[in-house]
file model_13.txt (compact mmCIF, C-alpha atoms)
# COMPACT_ATOMS: atom_id res chain seq x y z
CA MET A 1 -17.73 18.08 36.29
CA ILE A 2 -16.26 14.60 36.66
CA TYR A 3 -12.58 14.10 37.59
CA LYS A 4 -10.57 10.92 37.07
CA ILE A 5 -8.12 10.39 39.94
CA LYS A 6 -5.07 8.17 40.46
CA MET A 7 -3.70 7.67 44.00
CA SER A 8 -2.12 4.98 46.13
CA LYS A 9 -4.36 2.14 47.26
CA GLU A 10 -3.42 2.67 50.90
CA ASP A 11 -4.32 6.38 50.86
CA TYR A 12 -7.56 5.76 48.98
CA PHE A 13 -8.93 3.38 51.60
CA LYS A 14 -8.14 5.94 54.29
CA ILE A 15 -10.20 8.65 52.53
CA SER A 16 -12.81 6.48 50.76
CA SER A 17 -15.47 6.94 53.41
CA LYS A 18 -15.42 10.73 52.91
CA ILE A 19 -15.84 10.79 49.13
CA VAL A 20 -18.18 9.25 46.57
CA ALA A 21 -16.14 7.39 43.97
CA THR A 22 -17.31 5.54 40.87
CA ASN A 23 -15.72 3.32 38.24
CA LEU A 24 -13.18 2.10 40.75
CA GLU A 25 -10.22 0.19 39.29
CA ILE A 26 -7.26 -1.25 41.25
CA VAL A 27 -4.00 -1.49 39.31
CA GLY A 28 -1.24 -2.94 41.47
CA GLU A 29 -0.65 -0.57 44.38
CA GLU A 30 -2.65 2.24 42.78
CA VAL A 31 -6.33 2.98 42.46
CA LEU A 32 -8.15 4.70 39.58
CA PHE A 33 -11.59 6.18 40.18
CA GLU A 34 -13.90 9.03 39.21
CA ILE A 35 -15.41 11.67 41.47
CA GLU A 36 -17.60 14.72 41.02
CA SER A 37 -16.78 18.30 42.04
CA GLY A 38 -17.93 17.97 45.69
CA SER A 39 -15.78 14.94 46.44
CA TYR A 40 -12.93 16.47 44.48
CA ASN A 41 -12.95 19.54 46.76
CA ILE A 42 -12.90 17.28 49.84
CA LEU A 43 -9.95 15.34 48.40
CA LYS A 44 -8.03 18.56 47.76
CA ARG A 45 -8.35 19.60 51.40
CA THR A 46 -6.62 16.43 52.59
CA ASN A 47 -2.87 15.83 52.70
CA TYR A 48 -3.01 12.72 50.55
CA GLU A 49 -1.16 12.74 47.28
CA PHE A 50 -3.19 12.13 44.13
CA LYS A 51 -3.02 12.83 40.44
CA VAL A 52 -5.83 14.10 38.24
CA ILE A 53 -6.08 12.12 35.01
CA GLU A 54 -8.07 14.23 32.59
CA SER A 55 -10.92 12.31 30.99
CA ILE A 56 -12.12 12.76 27.43
CA GLN A 57 -15.28 14.35 28.77
CA SER A 58 -13.35 16.90 30.81
CA LYS A 59 -10.99 17.58 27.93
CA VAL A 60 -13.95 18.23 25.63
CA LYS A 61 -15.61 20.50 28.18
CA ARG A 62 -12.40 22.41 28.78
CA PHE A 63 -11.81 22.78 25.05
CA PHE A 64 -15.28 24.17 24.45
CA SER A 65 -15.08 26.44 27.46
CA ARG A 66 -11.93 27.96 25.98
CA TYR A 67 -12.74 27.92 22.27
CA GLY A 68 -16.54 27.56 22.15
CA LEU A 69 -17.17 31.17 21.20
CA LEU A 70 -14.55 31.02 18.45
CA LEU A 71 -15.99 27.76 17.10
CA SER A 72 -19.49 29.21 17.15
CA GLY A 73 -18.27 32.18 15.14
CA ILE A 74 -16.54 29.93 12.61
CA LEU A 75 -19.62 27.71 12.25
CA PHE A 76 -21.84 30.76 11.85
CA PHE A 77 -19.50 32.15 9.18
CA LEU A 78 -19.42 28.82 7.33
CA SER A 79 -23.23 28.61 7.54
CA ILE A 80 -23.53 32.07 6.01
CA LEU A 81 -21.16 31.06 3.19
CA TYR A 82 -23.14 27.86 2.56
CA MET A 83 -26.48 29.64 2.62
CA ASN A 84 -25.11 32.31 0.31
CA LEU A 85 -24.58 29.65 -2.35
CA TYR A 86 -28.37 29.29 -2.61
CA ARG A 87 -29.41 32.89 -1.97
CA VAL A 88 -31.16 34.59 -4.89
CA SER A 89 -31.39 38.33 -5.41
CA ARG A 90 -33.11 38.43 -8.83
CA ILE A 91 -33.80 36.66 -12.13
CA GLU A 92 -32.32 37.94 -15.40
CA PHE A 93 -33.30 36.93 -18.95
CA ASN A 94 -31.01 37.49 -21.89
CA ARG A 95 -33.97 38.69 -23.98
CA SER A 96 -37.73 39.11 -23.96
CA THR A 97 -39.85 36.17 -25.15
CA PRO A 98 -43.46 35.03 -24.59
CA ILE A 99 -42.26 32.25 -22.26
CA ASN A 100 -40.32 34.52 -19.86
CA ASN A 101 -43.21 35.10 -17.50
CA GLU A 102 -44.06 31.40 -17.14
CA ILE A 103 -40.43 30.50 -16.45
CA GLU A 104 -40.11 33.29 -13.88
CA VAL A 105 -43.26 32.14 -12.08
CA GLN A 106 -41.97 28.54 -11.98
CA ILE A 107 -38.60 29.59 -10.56
CA LYS A 108 -40.11 31.87 -7.92
CA SER A 109 -42.51 29.12 -6.83
CA SER A 110 -39.46 27.11 -5.72
CA TYR A 111 -38.17 29.91 -3.48
CA LYS A 112 -37.79 29.41 0.26
CA LYS A 113 -37.71 32.45 2.52
CA LEU A 114 -35.33 32.59 5.47
CA LEU A 115 -35.03 35.80 7.44
CA CYS A 116 -35.18 38.51 4.77
CA PHE A 117 -33.65 36.49 1.91
CA ASN A 118 -34.88 34.20 -0.86
CA PHE A 119 -33.17 30.84 -1.32
CA CYS A 120 -33.45 28.43 -4.23
CA SER A 121 -32.08 24.88 -4.22
CA MET A 122 -33.44 24.07 -7.69
CA ASP A 123 -31.49 21.62 -9.83
CA TYR A 124 -30.79 24.09 -12.64
CA LYS A 125 -29.33 21.48 -14.98
CA LYS A 126 -32.42 19.27 -14.76
CA TYR A 127 -34.76 22.27 -15.01
CA SER A 128 -32.93 23.47 -18.14
CA LYS A 129 -33.42 20.06 -19.74
CA ASP A 130 -37.12 20.10 -18.86
CA LEU A 131 -37.49 23.53 -20.50
CA GLN A 132 -35.68 22.35 -23.62
CA LYS A 133 -38.12 19.46 -23.91
CA LYS A 134 -41.17 21.65 -23.34
CA TYR A 135 -40.10 24.50 -25.62
CA PHE A 136 -38.44 22.57 -28.43
CA GLU A 137 -39.13 25.53 -30.75
CA TYR A 138 -36.02 27.20 -29.29
CA PRO A 139 -32.49 26.00 -30.15
CA TYR A 140 -31.36 26.07 -26.54
CA ILE A 141 -32.55 27.13 -23.08
CA ASN A 142 -30.26 27.23 -20.08
CA VAL A 143 -30.81 28.28 -16.47
CA ASN A 144 -27.99 28.78 -13.99
CA CYS A 145 -27.20 30.80 -10.91
CA LYS A 146 -24.10 32.97 -10.58
CA ASN A 147 -23.33 35.54 -7.89
CA ASN A 148 -26.85 35.11 -6.44
CA VAL A 149 -28.48 36.00 -9.78
CA ILE A 150 -30.47 33.38 -11.73
CA HIS A 151 -29.63 33.76 -15.42
CA VAL A 152 -32.03 32.41 -18.03
CA TYR A 153 -30.61 32.13 -21.53
CA ILE A 154 -33.07 31.55 -24.36
CA ALA A 155 -31.37 31.20 -27.73
CA ASN A 156 -32.95 32.90 -30.73
CA VAL A 157 -34.22 30.81 -33.64
CA ASP A 158 -31.29 31.91 -35.79
CA ASP A 159 -28.63 31.47 -33.10
CA PRO A 160 -26.34 28.60 -34.16
CA SER A 161 -24.30 28.57 -30.94
CA TYR A 162 -26.05 25.62 -29.30
CA LEU A 163 -27.38 23.56 -32.16
CA ASN A 164 -25.53 20.48 -30.93
CA ARG A 165 -27.72 20.13 -27.83
CA SER A 166 -31.12 18.45 -27.51
CA GLU A 167 -32.94 16.07 -25.19
CA LEU A 168 -35.89 14.99 -27.38
CA VAL A 169 -35.93 11.59 -29.08
CA GLY A 170 -38.79 11.42 -31.58
CA ASP A 171 -40.41 13.53 -34.31
CA ILE A 172 -42.10 16.90 -34.57
CA VAL A 173 -45.54 16.51 -36.15
CA SER A 174 -48.22 18.94 -37.18
CA LYS A 175 -50.84 19.65 -34.50
CA LYS A 176 -53.27 21.10 -37.09
CA ASP A 177 -53.86 21.61 -40.78
CA GLY A 178 -52.10 24.58 -42.32
CA ILE A 179 -49.69 26.06 -44.84
CA VAL A 180 -46.00 26.14 -43.88
CA ASP A 181 -44.32 29.52 -44.21
CA LEU A 182 -41.07 29.41 -42.24
CA PHE A 183 -39.12 26.64 -40.50
CA TYR A 184 -35.91 26.21 -38.53
CA THR A 185 -34.43 22.74 -38.06
CA TYR A 186 -31.97 22.45 -35.17
CA HIS A 187 -31.86 18.65 -35.01
CA GLY A 188 -33.34 16.11 -37.38
CA LYS A 189 -34.44 16.15 -41.02
CA ALA A 190 -36.99 18.67 -42.30
CA LEU A 191 -39.78 17.11 -44.34
CA VAL A 192 -41.50 20.41 -45.13
CA ALA A 193 -41.04 23.27 -47.55
CA LYS A 194 -42.35 26.81 -47.81
CA ASN A 195 -45.99 26.98 -48.95
CA LYS A 196 -46.49 23.24 -48.38
CA TYR A 197 -49.91 22.27 -47.05
CA VAL A 198 -49.68 19.83 -44.14
CA ARG A 199 -52.36 17.90 -42.27
CA THR A 200 -52.74 17.10 -38.58
CA GLY A 201 -50.32 14.35 -37.51
CA GLU A 202 -48.01 14.74 -40.52
CA VAL A 203 -44.30 14.60 -39.69
CA LEU A 204 -42.71 18.03 -40.07
CA ILE A 205 -39.21 17.30 -38.74
CA GLU A 206 -38.04 13.71 -38.54
CA GLY A 207 -35.67 12.91 -35.69
CA ASN A 208 -32.73 10.63 -36.34
CA GLU A 209 -31.56 10.38 -32.75
CA VAL A 210 -32.80 13.69 -31.38
CA VAL A 211 -35.11 16.36 -32.75
CA SER A 212 -35.89 20.04 -32.23
CA GLY A 213 -37.06 22.84 -34.48
CA LEU A 214 -39.66 25.47 -35.20
CA VAL A 215 -42.25 25.32 -37.99
CA LEU A 216 -44.40 28.41 -38.52
CA GLY A 217 -47.36 28.61 -40.80
CA THR A 218 -50.85 29.88 -41.44
CA CYS A 219 -53.68 27.99 -39.79
CA TYR A 220 -57.42 28.49 -39.47
CA ASP A 221 -59.39 27.68 -36.32
CA ARG A 222 -63.13 27.63 -35.84
CA VAL A 223 -63.98 29.20 -32.48
CA VAL A 224 -67.42 29.27 -30.84
CA LEU A 225 -67.97 31.67 -27.94
CA SER A 226 -70.98 32.68 -25.88
CA ILE A 227 -71.21 36.05 -24.18
CA PRO A 228 -74.01 36.48 -21.59
CA LYS A 229 -76.29 39.48 -22.06
CA THR A 230 -75.77 40.43 -18.43
CA LYS A 231 -72.70 39.56 -16.41
CA ARG A 232 -71.57 40.27 -12.88
CA GLU A 233 -68.12 41.84 -12.89
CA GLU A 234 -65.75 42.79 -10.13
CA VAL A 235 -64.16 46.19 -10.63
CA ILE A 236 -61.09 47.37 -8.74
CA SER A 237 -61.67 50.56 -6.76
CA THR A 238 -59.22 53.11 -5.39
CA GLU A 239 -59.72 52.08 -1.76
CA HIS A 240 -57.00 49.93 -0.27
CA SER A 241 -55.75 48.63 3.06
CA ASN A 242 -52.16 47.77 3.95
CA TYR A 243 -51.21 45.79 7.03
CA TYR A 244 -48.99 42.96 8.27
CA ASP A 245 -49.73 39.35 9.17
CA LEU A 246 -47.54 37.97 11.94
CA LYS A 247 -47.47 34.17 12.20
CA VAL A 248 -46.14 32.64 15.42
CA PHE A 249 -46.20 28.85 15.81
CA GLY A 250 -49.18 28.46 13.49
CA HIS A 251 -51.20 31.36 14.91
CA THR A 252 -51.69 34.45 12.71
CA PHE A 253 -52.14 37.99 14.02
CA SER A 254 -53.06 40.97 11.84
CA LEU A 255 -51.10 44.10 12.70
CA SER A 256 -52.29 47.62 11.85
CA LYS A 257 -55.36 46.40 9.98
CA LYS A 258 -57.97 49.18 10.07
CA THR A 259 -60.45 48.27 7.31
CA ASP A 260 -62.33 45.11 6.36
CA PHE A 261 -63.60 44.81 2.78
CA ASP A 262 -66.38 42.40 1.81
CA LEU A 263 -64.86 41.98 -1.65
CA PHE A 264 -61.20 42.58 -2.38
CA SER A 265 -58.06 41.48 -4.19
CA LYS A 266 -55.14 40.50 -2.01
CA GLU A 267 -51.39 40.62 -2.55
CA GLU A 268 -48.91 39.10 -0.12
CA HIS A 269 -45.20 39.79 0.24
CA LEU A 270 -43.15 37.68 2.62
CA VAL A 271 -40.92 40.06 4.59
CA PHE A 272 -39.40 37.70 7.13
CA ASN A 273 -39.41 33.97 7.79
CA LEU A 274 -37.65 31.89 10.42
CA PHE A 275 -38.10 28.20 9.61
CA ASP A 276 -41.90 28.71 9.35
CA PHE A 277 -42.13 29.15 13.14
CA LEU A 278 -42.05 32.92 12.90
CA SER A 279 -42.94 34.85 9.77
CA LEU A 280 -44.08 38.32 8.75
CA LYS A 281 -46.07 39.10 5.61
CA LYS A 282 -46.96 42.48 4.16
CA ILE A 283 -50.56 42.41 2.95
CA ALA A 284 -52.09 44.78 0.42
CA GLU A 285 -55.86 44.56 -0.04
CA THR A 286 -57.67 46.53 -2.72
CA LYS A 287 -61.42 46.86 -2.55
CA LYS A 288 -63.56 45.51 -5.39
CA ASN A 289 -67.02 46.66 -6.38
CA ALA A 290 -69.46 44.19 -7.91
CA ILE A 291 -71.39 45.57 -10.88
CA ILE A 292 -73.84 44.10 -13.34
CA LYS A 293 -72.74 44.76 -16.90
CA THR A 294 -75.19 44.58 -19.78
CA TYR A 295 -74.01 43.82 -23.32
CA ASN A 296 -75.70 44.68 -26.58
CA GLU A 297 -74.78 42.68 -29.66
CA LYS A 298 -71.96 45.00 -30.76
CA GLU A 299 -70.41 45.09 -27.29
CA ALA A 300 -70.68 41.32 -26.97
CA LEU A 301 -68.90 40.90 -30.32
CA ILE A 302 -66.02 43.14 -29.15
CA GLU A 303 -65.80 41.19 -25.88
CA ALA A 304 -65.68 37.86 -27.72
CA GLU A 305 -62.86 39.04 -30.01
CA LYS A 306 -60.99 40.34 -26.95
CA ILE A 307 -61.23 36.91 -25.31
CA ILE A 308 -59.80 35.26 -28.44
CA GLN A 309 -56.86 37.70 -28.53
CA GLU A 310 -56.08 37.27 -24.83
CA ASP A 311 -56.23 33.49 -25.02
CA PHE A 312 -53.84 33.49 -27.98
CA GLN A 313 -51.35 35.78 -26.20
CA THR A 314 -51.48 33.55 -23.12
CA HIS A 315 -50.62 30.37 -25.01
CA LYS A 316 -48.17 31.62 -27.63
CA THR A 317 -44.61 30.42 -27.15
CA ASN A 318 -42.80 32.41 -29.83
CA GLU A 319 -42.66 36.13 -30.53
CA LEU A 320 -43.25 35.48 -34.25
CA GLU A 321 -46.72 34.10 -33.63
CA LYS A 322 -49.70 36.41 -34.21
CA ILE A 323 -53.37 36.54 -35.16
CA LEU A 324 -53.80 37.60 -38.76
CA GLY A 325 -57.56 38.03 -38.70
CA ILE A 326 -60.81 37.26 -36.88
CA THR A 327 -63.92 36.80 -39.00
CA ASN A 328 -67.36 36.49 -37.45
CA THR A 329 -69.38 34.04 -39.55
CA LYS A 330 -72.46 33.46 -37.43
CA ILE A 331 -74.42 35.18 -34.64
CA GLU A 332 -77.23 33.55 -32.68
CA THR A 333 -79.05 34.93 -29.68
CA ASP A 334 -81.39 33.71 -26.97
CA GLU A 335 -82.73 35.12 -23.73
CA GLU A 336 -79.45 34.57 -21.87
CA ALA A 337 -76.59 35.14 -24.30
CA TYR A 338 -75.14 35.91 -27.71
CA HIS A 339 -73.51 32.97 -29.47
CA PHE A 340 -70.73 33.75 -31.97
CA THR A 341 -68.91 31.56 -34.46
CA PHE A 342 -65.52 32.85 -35.68
CA ILE A 343 -62.89 31.79 -38.16
CA VAL A 344 -59.54 32.83 -36.70
CA LYS A 345 -56.59 33.09 -39.06
CA LYS A 346 -53.35 32.57 -37.18
CA TYR A 347 -49.65 32.66 -37.91
CA GLU A 348 -48.36 30.21 -35.34
CA SER A 349 -46.10 27.36 -34.37
CA MET A 350 -47.56 24.27 -36.01
CA GLY A 351 -45.49 21.51 -34.45
CA GLU A 352 -45.77 19.30 -31.42
CA PHE A 353 -43.39 16.61 -30.18
CA ARG A 354 -44.22 12.95 -30.70
CA PRO A 355 -41.91 10.33 -29.17
CA LYS A 356 -40.71 7.38 -31.19
CA GLU A 357 -42.85 4.28 -30.78
call {"tool": "encode", "arguments": {"input": "model_13.txt", "output": "structure tokens"}}
result
Amino acid sequence: MIYKIKMSKEDYFKISSKIVATNLEIVGEEVLFEIESGSYNILKRTNYEFKVIESIQSKVKRFFSRYGLLLSGILFFLSILYMNLYRVSRIEFNRSTPINNEIEVQIKSSYKKLLCFNFCSMDYKKYSKDLQKKYFEYPYINVNCKNNVIHVYIANVDDPSYLNRSELVGDIVSKKDGIVDLFYTYHGKALVAKNKYVRTGEVLIEGNEVVSGLVLGTCYDRVVLSIPKTKREEVISTEHSNYYDLKVFGHTFSLSKKTDFDLFSKEEHLVFNLFDFLSLKKIAETKKNAIIKTYNEKEALIEAEKIIQEDFQTHKTNELEKILGITNTKIETDEEAYHFTFIVKKYESMGEFRPKE
């Protein structure tokens, strides 16, 4: 510790040879200088009068020695409060829609794990606007976080509460040929009517300043699919292995791993993370068995129709959309595969956004 000392000039020169002084300053008949603890102890054992002038450094040190623990506690408490603003416990939707899963995956992909908690610093206002642009078929979508719960509100097509909000400047045009059955116009001017036949690129809802709306109708798609006569498939078995991966400064160690599978599916759950220097993951591996499946024509037809249904469910954005019928119009075969041509009758959203030129 450094002490700042004031003493008479005469006394200083008598003791100066016994101490190590720095930053010496003579002011009239007095001397100001700084000494460390050893010289300070020597000075105290003499009979010379001196005065300790506390420096900023010593004041700071003394303050922290007295109140450091209290300040650390306060800073820790404030850090917990700040971190708690971004902590997320779960995601809640106001209702079930086909786009819930995609939104949930997007939100969770932005999570950061610290210790045992999930944190999300997403700009919810901006993300809500992006969703409104992407899913213009809905009157309003809003995402916010309250009490560590992310709330996703997706307005129903007949919910008038938020019809004054939109971010899209342009028109909604038809993405395919079809017959209009039902439409909701939230912003803009509808140029369609029930049972009207529209062609690809035709304006369905004209935007004045902004536009949003849903147009549903019946459309027909021609789909060509090939199903191989023999196909290698991976089938989940009942065998599984659970263990932990411990990561320390970039090095990973598997804990309690007893079984190694040649082919497996893997699920990871982050249990603990400390700034990516130290993390713990729970790993669940399930063994897969590779089999060769052989299709006859009937089985291949069923598989092809299943693929069409699954693809439609994956890409639908509104719960009103559905497949009305799948008609097989042509079957061809060769040594490797069956080739099917289908006409798929769909009841689906017909519009897509087109910005103003």
call {"tool": "atom_distance", "arguments": {"input": "model_13.txt", "atom1": "atom CA of Pro228 of chain A", "atom2": "atom CA of Tyr295 of chain A"}}
result
7.5 Å
call {"tool": "atom_distance", "arguments": {"input": "model_13.txt", "atom1": "atom CA of Lys229 of chain A", "atom2": "atom CA of Phe312 of chain A"}}
result
24.0 Å
call {"tool": "residues_around", "arguments": {"input": "model_13.txt", "residues": "Tyr244 of chain A", "least_positions_apart": "2", "cutoff": "10 Å", "atoms": "only C-alpha atoms", "output": "PyMOL selection string"}}
result
chain A and resi 242+246-247+252-257+268-271+280-284
call {"tool": "residues_around", "arguments": {"input": "model_13.txt", "residues": "segment 332-346 of chain A", "least_positions_apart": "6", "cutoff": "6 Å", "atoms": "only C-alpha atoms", "output": "list in words"}}
result
Thr218, Cys219, Tyr220, Asp221, Arg222, Val223, Val224, Leu225, Ser226, Ile227, Pro228, Lys229, Ile323, Leu324, Gly325 and Ile326 of chain A
call {"tool": "closest_residue", "arguments": {"input": "model_13.txt", "among": "A:Thr314, A:Ser349, A:Asn47, A:Ser8", "to": "Tyr184 of chain A", "atoms": "all atoms listed in the file"}}
result
A:Ser349
call {"tool": "closest_residue", "arguments": {"input": "model_13.txt", "among": "A:Tyr111, A:Tyr124, A:Phe249, A:Phe264", "to": "Glu234 of chain A", "atoms": "all atoms listed in the file"}}
result
A:Phe264
call {"tool": "atom_distance", "arguments": {"input": "model_13.txt", "atom1": "atom CA of Arg87 of chain A", "atom2": "atom CA of Lys134 of chain A"}}
result
26.9 Å
call {"tool": "closest_residue", "arguments": {"input": "model_13.txt", "among": "A:Lys231, A:Lys126, A:Lys18, A:His315", "to": "Asn296 of chain A", "atoms": "only C-alpha atoms"}}
result
A:Lys231
call {"tool": "closest_residue", "arguments": {"input": "model_13.txt", "among": "A:Val31, A:Ile150, A:Val192, A:Leu168", "to": "Cys120 of chain A", "atoms": "only C-alpha atoms"}}
result
A:Ile150
call {"tool": "closest_residue", "arguments": {"input": "model_13.txt", "among": "A:Ser174, A:Gln132, A:Ser65, A:Asn273", "to": "Gly217 of chain A", "atoms": "only C-alpha atoms"}}
result
A:Ser174
call {"tool": "closest_residue", "arguments": {"input": "model_13.txt", "among": "A:Lys175, A:Gly207, A:Leu301, A:Glu104", "to": "Lys330 of chain A", "atoms": "all atoms listed in the file"}}
result
A:Leu301
call {"tool": "residues_around", "arguments": {"input": "model_13.txt", "residues": "Val27 of chain A", "least_positions_apart": "5", "cutoff": "12 Å", "atoms": "only C-alpha atoms", "output": "PyMOL selection string"}}
result
chain A and resi 6-9+32-33
call {"tool": "residues_around", "arguments": {"input": "model_13.txt", "residues": "Tyr153 of chain A", "least_positions_apart": "6", "cutoff": "8 Å", "atoms": "all atoms listed in the file", "output": "list of chain:residue names"}}
result
A:Phe93, A:Asn94, A:Arg95, A:Tyr140, A:Ile141, A:Asn142, A:Val143
call {"tool": "residues_around", "arguments": {"input": "model_13.txt", "residues": "Phe119 of chain A", "least_positions_apart": "2", "cutoff": "7 Å", "atoms": "all atoms listed in the file", "output": "VMD selection string"}}
result
chain A and resid 86 to 88 111 to 113 117 121
call {"tool": "residues_near_point", "arguments": {"input": "model_13.txt", "point": "(-2.9, 10.0, 38.7)", "cutoff": "7 Å", "atoms": "all atoms listed in the file", "output": "mmCIF file with C-alpha atoms, keeping the file's coordinate frame"}}
result
data_model
loop_
_atom_site.group_PDB
_atom_site.id
_atom_site.type_symbol
_atom_site.label_atom_id
_atom_site.label_comp_id
_atom_site.auth_asym_id
_atom_site.auth_seq_id
_atom_site.Cartn_x
_atom_site.Cartn_y
_atom_site.Cartn_z
ATOM 1 C CA ILE A 5 -8.120 10.390 39.940
ATOM 2 C CA LYS A 6 -5.070 8.170 40.460
ATOM 3 C CA MET A 7 -3.700 7.670 44.000
ATOM 4 C CA PHE A 50 -3.190 12.130 44.130
ATOM 5 C CA LYS A 51 -3.020 12.830 40.440
ATOM 6 C CA VAL A 52 -5.830 14.100 38.240
ATOM 7 C CA ILE A 53 -6.080 12.120 35.010
#
call {"tool": "decode", "arguments": {"input": "model_13.txt", "residues": "segment 263-270 of chain A", "atoms": "all heavy atoms", "output": "PDB file, in the first residue's frame"}}
result
ATOM      1  N   LEU A 263     -25.416 -47.423 -36.298  1.00  0.00           N
ATOM      2  CA  LEU A 263     -26.442 -46.588 -36.917  1.00  0.00           C
ATOM      3  C   LEU A 263     -27.429 -46.192 -35.834  1.00  0.00           C
ATOM      4  O   LEU A 263     -27.962 -47.051 -35.134  1.00  0.00           O
ATOM      5  CB  LEU A 263     -27.143 -47.363 -38.032  1.00  0.00           C
ATOM      6  CG  LEU A 263     -28.125 -46.592 -38.913  1.00  0.00           C
ATOM      7  CD1 LEU A 263     -27.410 -45.490 -39.690  1.00  0.00           C
ATOM      8  CD2 LEU A 263     -28.839 -47.545 -39.882  1.00  0.00           C
ATOM      9  N   PHE A 264     -27.663 -44.889 -35.696  1.00  0.00           N
ATOM     10  CA  PHE A 264     -28.520 -44.451 -34.586  1.00  0.00           C
ATOM     11  C   PHE A 264     -29.073 -43.055 -34.861  1.00  0.00           C
ATOM     12  O   PHE A 264     -28.558 -42.305 -35.702  1.00  0.00           O
ATOM     13  CB  PHE A 264     -27.731 -44.440 -33.273  1.00  0.00           C
ATOM     14  CG  PHE A 264     -26.505 -43.577 -33.304  1.00  0.00           C
ATOM     15  CD1 PHE A 264     -26.568 -42.232 -32.968  1.00  0.00           C
ATOM     16  CD2 PHE A 264     -25.277 -44.109 -33.678  1.00  0.00           C
ATOM     17  CE1 PHE A 264     -25.437 -41.432 -33.000  1.00  0.00           C
ATOM     18  CE2 PHE A 264     -24.134 -43.321 -33.713  1.00  0.00           C
ATOM     19  CZ  PHE A 264     -24.213 -41.977 -33.368  1.00  0.00           C
ATOM     20  N   SER A 265     -30.144 -42.730 -34.142  1.00  0.00           N
ATOM     21  CA  SER A 265     -30.650 -41.358 -34.109  1.00  0.00           C
ATOM     22  C   SER A 265     -30.206 -40.746 -32.791  1.00  0.00           C
ATOM     23  O   SER A 265     -30.079 -41.450 -31.778  1.00  0.00           O
ATOM     24  CB  SER A 265     -32.178 -41.330 -34.222  1.00  0.00           C
ATOM     25  OG  SER A 265     -32.775 -41.963 -33.113  1.00  0.00           O
ATOM     26  N   LYS A 266     -29.963 -39.459 -32.802  1.00  0.00           N
ATOM     27  CA  LYS A 266     -29.364 -38.813 -31.631  1.00  0.00           C
ATOM     28  C   LYS A 266     -30.154 -37.571 -31.242  1.00  0.00           C
ATOM     29  O   LYS A 266     -30.480 -36.733 -32.074  1.00  0.00           O
ATOM     30  CB  LYS A 266     -27.915 -38.429 -31.954  1.00  0.00           C
ATOM     31  CG  LYS A 266     -27.135 -37.821 -30.814  1.00  0.00           C
ATOM     32  CD  LYS A 266     -25.697 -37.583 -31.254  1.00  0.00           C
ATOM     33  CE  LYS A 266     -24.858 -36.973 -30.161  1.00  0.00           C
ATOM     34  NZ  LYS A 266     -23.449 -36.745 -30.597  1.00  0.00           N
ATOM     35  N   GLU A 267     -30.463 -37.457 -29.961  1.00  0.00           N
ATOM     36  CA  GLU A 267     -31.113 -36.280 -29.418  1.00  0.00           C
ATOM     37  C   GLU A 267     -30.222 -35.677 -28.338  1.00  0.00           C
ATOM     38  O   GLU A 267     -29.675 -36.399 -27.509  1.00  0.00           O
ATOM     39  CB  GLU A 267     -32.486 -36.627 -28.829  1.00  0.00           C
ATOM     40  CG  GLU A 267     -33.522 -37.040 -29.867  1.00  0.00           C
ATOM     41  CD  GLU A 267     -34.880 -37.297 -29.257  1.00  0.00           C
ATOM     42  OE1 GLU A 267     -35.018 -37.092 -28.030  1.00  0.00           O
ATOM     43  OE2 GLU A 267     -35.791 -37.709 -29.992  1.00  0.00           O
ATOM     44  N   GLU A 268     -30.087 -34.368 -28.372  1.00  0.00           N
ATOM     45  CA  GLU A 268     -29.246 -33.678 -27.398  1.00  0.00           C
ATOM     46  C   GLU A 268     -30.078 -32.691 -26.593  1.00  0.00           C
ATOM     47  O   GLU A 268     -30.946 -32.012 -27.132  1.00  0.00           O
ATOM     48  CB  GLU A 268     -28.112 -32.922 -28.094  1.00  0.00           C
ATOM     49  CG  GLU A 268     -27.152 -33.800 -28.861  1.00  0.00           C
ATOM     50  CD  GLU A 268     -26.019 -33.000 -29.478  1.00  0.00           C
ATOM     51  OE1 GLU A 268     -26.064 -31.749 -29.379  1.00  0.00           O
ATOM     52  OE2 GLU A 268     -25.103 -33.600 -30.049  1.00  0.00           O
ATOM     53  N   HIS A 269     -29.796 -32.634 -25.299  1.00  0.00           N
ATOM     54  CA  HIS A 269     -30.455 -31.658 -24.420  1.00  0.00           C
ATOM     55  C   HIS A 269     -29.388 -30.974 -23.578  1.00  0.00           C
ATOM     56  O   HIS A 269     -28.670 -31.629 -22.816  1.00  0.00           O
ATOM     57  CB  HIS A 269     -31.480 -32.343 -23.516  1.00  0.00           C
ATOM     58  CG  HIS A 269     -32.087 -31.421 -22.497  1.00  0.00           C
ATOM     59  ND1 HIS A 269     -32.917 -30.366 -22.846  1.00  0.00           N
ATOM     60  CD2 HIS A 269     -31.968 -31.382 -21.142  1.00  0.00           C
ATOM     61  CE1 HIS A 269     -33.283 -29.732 -21.748  1.00  0.00           C
ATOM     62  NE2 HIS A 269     -32.728 -30.318 -20.703  1.00  0.00           N
ATOM     63  N   LEU A 270     -29.254 -29.666 -23.762  1.00  0.00           N
ATOM     64  CA  LEU A 270     -28.241 -28.914 -23.033  1.00  0.00           C
ATOM     65  C   LEU A 270     -28.693 -28.731 -21.584  1.00  0.00           C
ATOM     66  O   LEU A 270     -29.714 -28.101 -21.308  1.00  0.00           O
ATOM     67  CB  LEU A 270     -28.012 -27.553 -23.699  1.00  0.00           C
ATOM     68  CG  LEU A 270     -26.859 -26.702 -23.146  1.00  0.00           C
ATOM     69  CD1 LEU A 270     -25.539 -27.453 -23.276  1.00  0.00           C
ATOM     70  CD2 LEU A 270     -26.786 -25.370 -23.884  1.00  0.00           C
TER      71      LEU A 270
END
